[in-house]
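The data block below is run09.cif; it holds mmCIF, C-alpha atoms.
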```cif
data_target
loop_
_atom_site.group_PDB
_atom_site.id
_atom_site.type_symbol
_atom_site.label_atom_id
_atom_site.label_comp_id
_atom_site.auth_asym_id
_atom_site.auth_seq_id
_atom_site.Cartn_x
_atom_site.Cartn_y
_atom_site.Cartn_z
ATOM 1 C CA MET A 1 68.267 -73.864 -7.894
ATOM 2 C CA ALA A 2 71.004 -72.580 -5.606
ATOM 3 C CA LYS A 3 73.678 -74.438 -7.585
ATOM 4 C CA TRP A 4 72.300 -73.124 -10.875
ATOM 5 C CA VAL A 5 72.195 -69.511 -9.643
ATOM 6 C CA GLN A 6 75.749 -69.783 -8.283
ATOM 7 C CA ALA A 7 77.070 -71.272 -11.539
ATOM 8 C CA GLU A 8 75.139 -69.154 -14.035
ATOM 9 C CA HIS A 9 74.484 -65.879 -12.179
ATOM 10 C CA PRO A 10 77.103 -65.481 -9.442
ATOM 11 C CA GLY A 11 76.154 -61.801 -9.069
ATOM 12 C CA VAL A 12 72.653 -62.739 -7.906
ATOM 13 C CA THR A 13 72.204 -62.817 -4.157
ATOM 14 C CA TRP A 14 70.733 -66.182 -3.169
ATOM 15 C CA TRP A 15 69.490 -66.437 0.390
ATOM 16 C CA CYS A 16 67.801 -69.567 1.675
ATOM 17 C CA PRO A 17 67.996 -69.524 5.471
ATOM 18 C CA GLN A 18 66.923 -72.354 7.725
ATOM 19 C CA LEU A 19 63.644 -71.027 9.084
ATOM 20 C CA PRO A 20 62.509 -71.487 12.660
ATOM 21 C CA ALA A 21 59.367 -73.538 13.336
ATOM 22 C CA SER A 22 57.561 -70.437 14.576
ATOM 23 C CA PRO A 23 55.891 -68.747 11.575
ATOM 24 C CA MET A 24 56.172 -65.316 13.222
ATOM 25 C CA GLN A 25 59.873 -65.840 13.929
ATOM 26 C CA ALA A 26 60.334 -67.079 10.348
ATOM 27 C CA MET A 27 58.626 -63.978 8.950
ATOM 28 C CA ALA A 28 60.629 -61.694 11.233
ATOM 29 C CA LEU A 29 63.863 -63.328 10.033
ATOM 30 C CA LEU A 30 62.839 -62.982 6.378
ATOM 31 C CA LEU A 31 61.534 -59.428 6.654
ATOM 32 C CA ASP A 32 64.634 -58.312 8.521
ATOM 33 C CA GLY A 33 66.997 -60.155 6.177
ATOM 34 C CA MET A 34 65.436 -58.622 3.054
ATOM 35 C CA ALA A 35 64.666 -55.157 4.415
ATOM 36 C CA ALA A 36 67.482 -53.406 2.537
ATOM 37 C CA TRP A 37 67.162 -55.357 -0.717
ATOM 38 C CA PRO A 38 66.199 -53.380 -3.836
ATOM 39 C CA ARG A 39 62.560 -54.258 -4.566
ATOM 40 C CA GLY A 40 62.897 -53.756 -8.317
ATOM 41 C CA GLN A 41 65.584 -56.416 -8.518
ATOM 42 C CA MET A 42 64.341 -59.100 -6.180
ATOM 43 C CA ALA A 43 62.019 -62.082 -6.230
ATOM 44 C CA VAL A 44 61.031 -64.724 -3.702
ATOM 45 C CA MET A 45 60.611 -68.442 -4.132
ATOM 46 C CA GLY A 46 59.272 -71.174 -1.899
ATOM 47 C CA SER A 47 57.790 -74.627 -1.767
ATOM 48 C CA SER A 48 54.930 -75.922 0.384
ATOM 49 C CA LEU A 49 54.875 -73.831 3.596
ATOM 50 C CA GLY A 50 57.748 -71.885 2.045
ATOM 51 C CA GLY A 51 55.428 -71.247 -0.903
ATOM 52 C CA PHE A 52 52.856 -69.780 1.482
ATOM 53 C CA TYR A 53 55.590 -67.604 2.982
ATOM 54 C CA ALA A 54 56.806 -66.586 -0.497
ATOM 55 C CA ALA A 55 53.266 -65.607 -1.563
ATOM 56 C CA TRP A 56 52.867 -63.577 1.634
ATOM 57 C CA LEU A 57 56.238 -61.859 1.139
ATOM 58 C CA SER A 58 55.478 -61.257 -2.529
ATOM 59 C CA ALA A 59 52.302 -59.408 -1.599
ATOM 60 C CA TYR A 60 54.001 -57.564 1.275
ATOM 61 C CA TRP A 61 57.024 -56.399 -0.735
ATOM 62 C CA ARG A 62 55.189 -56.304 -4.110
ATOM 63 C CA VAL A 63 57.835 -58.455 -5.792
ATOM 64 C CA PRO A 64 57.553 -61.467 -8.112
ATOM 65 C CA ALA A 65 57.337 -64.949 -6.619
ATOM 66 C CA VAL A 66 57.768 -68.530 -7.771
ATOM 67 C CA LEU A 67 55.498 -70.796 -5.743
ATOM 68 C CA ILE A 68 56.022 -74.557 -5.828
ATOM 69 C CA ASN A 69 53.058 -76.548 -4.523
ATOM 70 C CA PRO A 70 52.303 -73.684 -2.127
ATOM 71 C CA ALA A 71 50.327 -74.296 1.032
ATOM 72 C CA VAL A 72 47.009 -72.451 0.941
ATOM 73 C CA HIS A 73 45.642 -73.161 4.436
ATOM 74 C CA PRO A 74 48.736 -74.060 6.464
ATOM 75 C CA SER A 75 47.066 -73.555 9.847
ATOM 76 C CA ARG A 76 44.496 -76.203 8.930
ATOM 77 C CA ASP A 77 46.947 -78.566 7.238
ATOM 78 C CA LEU A 78 49.696 -78.389 9.864
ATOM 79 C CA ALA A 79 47.452 -78.568 12.946
ATOM 80 C CA ARG A 80 47.759 -82.359 12.914
ATOM 81 C CA PHE A 81 51.579 -82.183 12.979
ATOM 82 C CA ILE A 82 52.035 -80.792 16.490
ATOM 83 C CA GLY A 83 55.167 -82.367 17.924
ATOM 84 C CA GLU A 84 58.791 -83.084 17.106
ATOM 85 C CA HIS A 85 59.919 -83.560 13.503
ATOM 86 C CA PRO A 86 63.240 -83.931 11.672
ATOM 87 C CA VAL A 87 64.512 -80.890 9.794
ATOM 88 C CA TRP A 88 64.081 -81.550 6.072
ATOM 89 C CA GLN A 89 67.550 -80.286 5.107
ATOM 90 C CA ASP A 90 69.240 -82.167 7.947
ATOM 91 C CA PRO A 91 67.237 -85.060 9.431
ATOM 92 C CA SER A 92 69.728 -85.327 12.312
ATOM 93 C CA GLN A 93 68.279 -82.021 13.594
ATOM 94 C CA LYS A 94 64.806 -81.713 15.095
ATOM 95 C CA ILE A 95 62.192 -78.993 15.335
ATOM 96 C CA PHE A 96 59.155 -78.866 17.568
ATOM 97 C CA PHE A 97 55.926 -77.599 16.018
ATOM 98 C CA GLU A 98 53.747 -76.154 18.796
ATOM 99 C CA PRO A 99 50.019 -75.364 18.991
ATOM 100 C CA ALA A 100 51.010 -71.674 19.173
ATOM 101 C CA HIS A 101 52.511 -72.017 15.695
ATOM 102 C CA VAL A 102 49.090 -72.950 14.303
ATOM 103 C CA GLN A 103 47.728 -69.737 15.806
ATOM 104 C CA GLU A 104 50.592 -67.776 14.234
ATOM 105 C CA LEU A 105 49.734 -69.276 10.843
ATOM 106 C CA LYS A 106 46.082 -68.314 11.328
ATOM 107 C CA GLN A 107 47.219 -64.776 12.013
ATOM 108 C CA LEU A 108 49.315 -64.682 8.817
ATOM 109 C CA GLU A 109 46.443 -66.192 6.812
ATOM 110 C CA SER A 110 44.014 -63.580 8.097
ATOM 111 C CA GLN A 111 46.135 -60.552 7.305
ATOM 112 C CA PRO A 112 44.774 -58.723 4.310
ATOM 113 C CA SER A 113 47.186 -58.903 1.437
ATOM 114 C CA PRO A 114 47.500 -56.317 -1.284
ATOM 115 C CA THR A 115 46.981 -57.322 -4.880
ATOM 116 C CA GLN A 116 49.473 -60.000 -5.743
ATOM 117 C CA PRO A 117 52.216 -58.940 -8.102
ATOM 118 C CA ALA A 118 53.464 -61.370 -10.705
ATOM 119 C CA THR A 119 53.505 -64.959 -9.494
ATOM 120 C CA LEU A 120 54.328 -68.247 -11.141
ATOM 121 C CA ALA A 121 52.756 -71.212 -9.360
ATOM 122 C CA LEU A 122 53.957 -74.710 -10.221
ATOM 123 C CA ILE A 123 51.202 -77.029 -9.055
ATOM 124 C CA ALA A 124 51.485 -80.810 -9.270
ATOM 125 C CA LYS A 125 48.245 -82.743 -9.653
ATOM 126 C CA GLY A 126 50.106 -85.671 -8.122
ATOM 127 C CA ASP A 127 50.872 -83.777 -4.898
ATOM 128 C CA GLU A 128 50.288 -86.332 -2.161
ATOM 129 C CA VAL A 129 50.229 -83.719 0.619
ATOM 130 C CA LEU A 130 48.219 -80.729 -0.622
ATOM 131 C CA ASP A 131 45.117 -80.444 -2.810
ATOM 132 C CA TRP A 132 46.111 -79.086 -6.213
ATOM 133 C CA ARG A 133 42.599 -77.666 -6.716
ATOM 134 C CA GLU A 134 42.987 -75.408 -3.658
ATOM 135 C CA MET A 135 46.369 -74.240 -4.898
ATOM 136 C CA LEU A 136 44.972 -73.526 -8.344
ATOM 137 C CA ALA A 137 41.968 -71.632 -6.970
ATOM 138 C CA ARG A 138 44.203 -69.485 -4.746
ATOM 139 C CA HIS A 139 46.860 -68.672 -7.344
ATOM 140 C CA GLN A 140 44.989 -68.666 -10.663
ATOM 141 C CA ALA A 141 45.298 -64.863 -10.985
ATOM 142 C CA GLY A 142 49.008 -65.301 -11.706
ATOM 143 C CA GLN A 143 50.795 -67.608 -14.102
ATOM 144 C CA VAL A 144 50.142 -71.262 -13.358
ATOM 145 C CA ARG A 145 51.891 -74.354 -14.593
ATOM 146 C CA LEU A 146 49.595 -77.252 -13.765
ATOM 147 C CA VAL A 147 51.739 -80.385 -13.800
ATOM 148 C CA ASP A 148 50.115 -83.735 -14.530
ATOM 149 C CA GLY A 149 51.537 -86.237 -12.078
ATOM 150 C CA SER A 150 54.741 -85.351 -10.200
ATOM 151 C CA ASP A 151 54.596 -85.044 -6.396
ATOM 152 C CA HIS A 152 54.730 -82.632 -3.463
ATOM 153 C CA ALA A 153 58.515 -82.290 -3.758
ATOM 154 C CA LEU A 154 58.162 -81.590 -7.507
ATOM 155 C CA SER A 155 60.754 -84.283 -8.137
ATOM 156 C CA ASP A 156 60.818 -83.317 -11.817
ATOM 157 C CA PHE A 157 61.911 -79.772 -10.891
ATOM 158 C CA ASP A 158 64.624 -79.628 -13.572
ATOM 159 C CA GLU A 159 61.967 -79.963 -16.276
ATOM 160 C CA HIS A 160 60.366 -76.738 -15.008
ATOM 161 C CA LEU A 161 63.579 -74.766 -14.635
ATOM 162 C CA PRO A 162 63.361 -73.097 -18.090
ATOM 163 C CA GLN A 163 59.933 -71.619 -17.291
ATOM 164 C CA ILE A 164 61.113 -70.498 -13.838
ATOM 165 C CA LEU A 165 64.186 -68.821 -15.321
ATOM 166 C CA GLU A 166 62.110 -67.116 -18.005
ATOM 167 C CA PHE A 167 59.669 -65.858 -15.378
ATOM 168 C CA LEU A 168 62.537 -64.546 -13.227
ATOM 169 C CA GLN A 169 64.166 -63.052 -16.335
ATOM 170 C CA LEU A 170 67.312 -65.085 -15.787
ATOM 171 C CA ALA A 171 67.098 -67.113 -19.014
#
```

Would you kindly transcribe this structure into structure tokens?
Amino acid sequence: MAKWVQAEHPGVTWWCPQLPASPMQAMALLLDGMAAWPRGQMAVMGSSLGGFYAAWLSAYWRVPAVLINPAVHPSRDLARFIGEHPVWQDPSQKIFFEPAHVQELKQLESQPSPTQPATLALIAKGDEVLDWREMLARHQAGQVRLVDGSDHALSDFDEHLPQILEFLQLA
């Protein structure tokens, strides 16, 4: 997505920071980094836990969001992953997911969110990590593309790019 935006829409600001393991630190980084952005011209996008964050930010800022296999109950799902893990973007780096991070996720999950603005959720029935039925139930008020097969990483992402671009009004 970053390569496509850079090639096709170089005037669009694309920001995809490496987020800290702490959900509260991640939210602080994102809220601070986007504080001055014009709401009428921005959208958020995320996958898995990033999809949970994007949905939260979408509700907070009242901006559109693209959610790819978004986590629905991350405090529950990540509680079993306490410990050290490689960073997805750079496996030579490590992060440590602490019990306190589960509590931070619970806090984010419990915060009342305003009515969701426009969202597009891409949900793979073949997701091997998260339950597609939970994702569908949580995000059915917005646009949903229920994908037969695929996987948690949405390995067939390029096939969904036209719908994403149309939703973001970049087509």

- 10 Å contact set for Leu161 in chain A, all atoms listed in the file, chain neighbours under 5 positions out, as a PyMOL selection string: chain A and resi 1+4+156+166-167+171

- Please evaluate the PyMOL selection byres ((chain A and resi 40) around 12) against the structure above and give the resulting residues as a ChimeraX atom specification. /A:36-39,41-43,61-64,117,168

Take the residues that were just selected and, keeping C-alpha atoms, output them as a compact mmCIF listing (two decimals), keeping the file's coordinate frame.
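Written file, result.txt:
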```
# COMPACT_ATOMS: atom_id res chain seq x y z
CA ALA A 36 67.48 -53.41 2.54
CA TRP A 37 67.16 -55.36 -0.72
CA PRO A 38 66.20 -53.38 -3.84
CA ARG A 39 62.56 -54.26 -4.57
CA GLN A 41 65.58 -56.42 -8.52
CA MET A 42 64.34 -59.10 -6.18
CA ALA A 43 62.02 -62.08 -6.23
CA TRP A 61 57.02 -56.40 -0.74
CA ARG A 62 55.19 -56.30 -4.11
CA VAL A 63 57.84 -58.46 -5.79
CA PRO A 64 57.55 -61.47 -8.11
CA PRO A 117 52.22 -58.94 -8.10
CA LEU A 168 62.54 -64.55 -13.23
```

- Message: I need every residue sitting at most 7 Å from the point (51.8, -72.9, -8.8) (coordinates as in the file, all atoms listed in the file considered), written as a PyMOL selection string.
- Response: chain A and resi 67-70+120-123+135-136+139+144-146

- Task: Kindly give the distance, in Å, that separates CA of Asp90 in chain A and CA of Trp14 in chain A, rounded to a single decimal.
- Result: 19.5 Å

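The residue that comes closest to Ser58 in chain A, out of A:Val12, A:Leu19, A:Ala118, A:Val5 and on the basis of only C-alpha atoms, is A:Ala118.
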
Report as AutoDock Vina command-line options the centre and the edge lengths, in Å to one decimal, of the axis-aligned box holding every listed atom of range 45-55 of chain A, padded by 6 Å on each side.
```
--center_x 56.7 --center_y -70.8 --center_z -0.3 --size_x 19.8 --size_y 22.3 --size_z 19.7
```

- Message: When the PyMOL selection byres ((chain A and resi 74-83) around 7) is applied to the structure above, which residues does it catch, written out as a ChimeraX atom specification?
- Response: /A:49,71-73,84-85,96-99,102,105-106

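Pairwise distance (CA of Glu134 in chain A, CA of Ser48 in chain A) equals 12.6 Å.
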
- Task: Tell me, in Å to one decimal, how far CA of Glu104 in chain A is from CA of Trp132 in chain A.
- Result: 23.8 Å

- Given the file above and the PyMOL selection byres ((chain A and resi 151) around 8), which residues are selected, and can you give them as a ChimeraX atom specification? /A:124-128,149-150,152-155

- Item | Nearest to Gly142 in chain A by atom-to-atom distance, counting all atoms listed in the file, from A:Ala55, A:Leu170, A:Glu159, A:Trp88 | A:Ala55

- Item | Residue nearest Gln143 in chain A - candidates A:Leu108, A:Val129, A:Ala65, A:Ile95, atoms counted: all atoms listed in the file | A:Ala65

Just add N, CA and C atoms to range 148-167 of chain A and send it as a CSV table (one decimal), in the coordinates of the input.
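File written: selection_3.csv
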```
chain,number,residue,atom,x,y,z
A,148,ASP,N,50.7,-82.4,-14.7
A,148,ASP,CA,50.1,-83.7,-14.5
A,148,ASP,C,51.1,-84.6,-13.8
A,149,GLY,N,50.6,-85.3,-12.8
A,149,GLY,CA,51.5,-86.2,-12.1
A,149,GLY,C,52.4,-85.5,-11.1
A,150,SER,N,53.7,-85.9,-11.1
A,150,SER,CA,54.7,-85.4,-10.2
A,150,SER,C,54.3,-85.6,-8.8
A,151,ASP,N,54.8,-84.8,-7.8
A,151,ASP,CA,54.6,-85.0,-6.4
A,151,ASP,C,54.8,-83.8,-5.6
A,152,HIS,N,54.6,-83.8,-4.3
A,152,HIS,CA,54.7,-82.6,-3.5
A,152,HIS,C,56.1,-82.0,-3.6
A,153,ALA,N,57.1,-82.8,-3.7
A,153,ALA,CA,58.5,-82.3,-3.8
A,153,ALA,C,58.8,-81.8,-5.2
A,154,LEU,N,57.9,-81.9,-6.1
A,154,LEU,CA,58.2,-81.6,-7.5
A,154,LEU,C,59.5,-82.2,-7.9
A,155,SER,N,59.5,-83.5,-7.8
A,155,SER,CA,60.8,-84.3,-8.1
A,155,SER,C,61.3,-84.1,-9.6
A,156,ASP,N,60.4,-83.6,-10.4
A,156,ASP,CA,60.8,-83.3,-11.8
A,156,ASP,C,61.1,-81.8,-12.0
A,157,PHE,N,61.6,-81.2,-10.9
A,157,PHE,CA,61.9,-79.8,-10.9
A,157,PHE,C,62.7,-79.3,-12.1
A,158,ASP,N,63.8,-80.1,-12.5
A,158,ASP,CA,64.6,-79.6,-13.6
A,158,ASP,C,63.9,-79.4,-14.9
A,159,GLU,N,62.8,-80.1,-15.1
A,159,GLU,CA,62.0,-80.0,-16.3
A,159,GLU,C,61.3,-78.6,-16.3
A,160,HIS,N,61.1,-78.0,-15.1
A,160,HIS,CA,60.4,-76.7,-15.0
A,160,HIS,C,61.3,-75.5,-14.9
A,161,LEU,N,62.6,-75.8,-14.8
A,161,LEU,CA,63.6,-74.8,-14.6
A,161,LEU,C,63.5,-73.7,-15.8
A,162,PRO,N,63.4,-74.1,-17.0
A,162,PRO,CA,63.4,-73.1,-18.1
A,162,PRO,C,62.2,-72.1,-17.9
A,163,GLN,N,61.0,-72.5,-17.5
A,163,GLN,CA,59.9,-71.6,-17.3
A,163,GLN,C,60.2,-70.7,-16.1
A,164,ILE,N,60.8,-71.3,-15.0
A,164,ILE,CA,61.1,-70.5,-13.8
A,164,ILE,C,62.1,-69.4,-14.2
A,165,LEU,N,63.1,-69.8,-14.9
A,165,LEU,CA,64.2,-68.8,-15.3
A,165,LEU,C,63.6,-67.7,-16.2
A,166,GLU,N,62.7,-68.1,-17.1
A,166,GLU,CA,62.1,-67.1,-18.0
A,166,GLU,C,61.3,-66.2,-17.2
A,167,PHE,N,60.5,-66.7,-16.2
A,167,PHE,CA,59.7,-65.9,-15.4
A,167,PHE,C,60.5,-64.9,-14.6
```
